[in-house]
Amino acid sequence: MKVVTRIPPSPTGRLHIGTARTALFNYLYARGKGGRVVFRSEDTDRARSMREFEDEIIEGLRWLGLSWDEFLRQSERTNRYQEVLEKAVTSGKAYVSKEPKKDNPAEEVDVVRLKNPGTEVVFDDLVHGPINTHTGELGDFVIARSMTDPLYHFAVVVDDMDSGVTHVIRGEDHISNTARQILIQEAVGAPRPIYAHLPLILDKKRTKLSKRSGATSLMDYRAEGCMPEAMVNYLALLGWNPGDEREDFSLAELVEDFSLERVQKSGASWDRDKLLSVNQRWMRKLTPDEYLARGAFDESVRKAVPLLKERAHTFGEARELLKGELACLFATPSLNRALLTSKGGNTARYLNDLMELIPDSTEPERVRAALMSYADKEGRGATLWPLRYALSGQERSPDPFTLIALLGKQTATERIRAAIAILS
RNA sequence: GGCCCUGUCGUCUAACGGUUAGGACAGCGCUCUUUCAAGGCGCAAACACGGGUUCGAUUCCCGUCGGGGUCACCA
């Protein structure tokens, strides 16, 4: 049997990290089994659903590298729902009930309720094992606001049936919905898919990750300069592991190795630091060309790439670095006399001597070799600190050898002259 | 509160009856070093508790406690 999974976001808000991870797992499972993926926009709540959210969700999932074979919107399937609903009512599995409207008791509406047989429903969850529910407690629950306006539970059953969905992989918060969906399946004669409920992503307070938990929008991470490869890698490791100690996974490798059997049972908290660490690893794998392209940097930034790879966890951080700590690579710093001489000794003489020793090289190691014996003779602190400060104008910066190599002998010499001038 | 899920370092996790309980992120220390960053080396850090079962339990069973989810004419 060909595997069919679904990615069923509700376009009532921005693309949430949890939605992205669930989508990823559905994608990984289907692709790993050579199956199909259905993207289904669950927009039956017409008041809250917005096309712009749908667009963002699609854009975000594509950014991660996910793809699907079928696309549909629930709002475009109302005729089909009505057809199945009528059959359910005709066959006596459901009934129309005239009731006061929930939000406006003065008005009466015809809601559709499922005739609940009240049986024990047991299903085998692929990650949790058998789960038993006493459906009697549910009563005859509402499945549609009217014959033309189905509710979520009813719509998904019809959709899953029509798309031939074989595996429903979703968040654990849906466990309690499963029994009623199974009841609906049985009422309309739909096959029961296999269920797999994923552990929830928790925030540091260990409660379901929500908007108030901080950055939960996938696109915010993209804007920060997170790589999609890193996001996929981190998301996959939140709740799943390969069974060995590997931690670096591309999307393709995940497709290869992912299995629902190795999905964790308990919730996992979102750890931004770990994400950043994974992202830094991915950024370091980039070639200079790729780095410039991915970070949307100007060609002039090329010389700073090695330093950025060393320091930045995101492209956003890299941009900050270029404006701050690494700005001295692109603009002449202004110097403070007190800081220049703060290590004592004859600063002017040291700078003068060192300036003469500067080789014409783009290799930090060669520059270092040329200057170190002098520094060792006169004292590293007293010589190298003013040298570095003269070049950077900052208390914190890369080392002077790297600075000279990147700046070039001429610029370096000019900056040292400027520093010496201040001292006289 | 009812129902359901769940419980290994601070966090993500490995272990599928016998291990000095492993790795990663974060933390700390040392080293390198003029500073910062990076790097190298190292340290600290967990089986929730109580009963069973067993020659032997982190691992199996039960209970307690803890955490989470869910109880819509939302999805």
# chains A, B, ... in the order shown; residues from 1 in each chain; ligands from 1

call {"tool": "closest_atom_pairs", "arguments": {"of": "chain A", "to": "chain B", "cutoff": "6 Å", "atoms": "only C-alpha atoms (C1' of nucleotides)", "output": "Markdown table"}}
result
| residue | atom | partner | partner_atom | distance |
| --- | --- | --- | --- | --- |
| A:Lys102 | CA | B:C73 | C1' | 6.0 |
| A:Arg145 | CA | B:C73 | C1' | 5.3 |
| A:Asp173 | CA | B:G69 | C1' | 5.4 |
| A:Glu245 | CA | B:G23 | C1' | 5.9 |
| A:Ser266 | CA | B:U6 | C1' | 5.4 |
| A:Lys274 | CA | B:C25 | C1' | 4.8 |
| A:Glu310 | CA | B:A38 | C1' | 5.6 |
| A:Arg311 | CA | B:A37 | C1' | 5.7 |
| A:Gly381 | CA | B:U34 | C1' | 4.5 |
| A:Leu384 | CA | B:U34 | C1' | 5.0 |
| A:Trp385 | CA | B:U34 | C1' | 4.3 |
| A:Arg396 | CA | B:C36 | C1' | 4.6 |
| A:Ser397 | CA | B:C36 | C1' | 5.4 |

call {"tool": "select_by_dssp", "arguments": {"residues": "segment 112-261 of chain A", "states": "strand (DSSP E or B)", "output": "PyMOL selection string"}}
result
chain A and resi 112-114+120-125+129-134+142-146+149-150+167-171+194-198+201-202+208+217+240

call {"tool": "atom_distance", "arguments": {"atom1": "atom CA of Thr362 of chain A", "atom2": "atom CA of Asp289 of chain A"}}
result
18.8 Å

call {"tool": "select_by_dssp", "arguments": {"residues": "segment 29-86 of chain A", "states": "helix (DSSP H, G or I)", "output": "NGL selection string"}}
result
:A and (29-32 or 51-64 or 74-76 or 78-86)

call {"tool": "atom_distance", "arguments": {"atom1": "atom CA of Pro130 of chain A", "atom2": "atom CA of Ile175 of chain A"}}
result
11.4 Å

call {"tool": "residues_around", "arguments": {"residues": "Gly13 of chain A", "least_positions_apart": "6", "cutoff": "9 Å", "atoms": "only C-alpha atoms (C1' of nucleotides)", "output": "count of residues only"}}
result
6

call {"tool": "closest_residue", "arguments": {"among": "B:U54, B:G66, B:G27, B:A21", "to": "U8 of chain B", "atoms": "only C-alpha atoms (C1' of nucleotides)"}}
result
B:A21
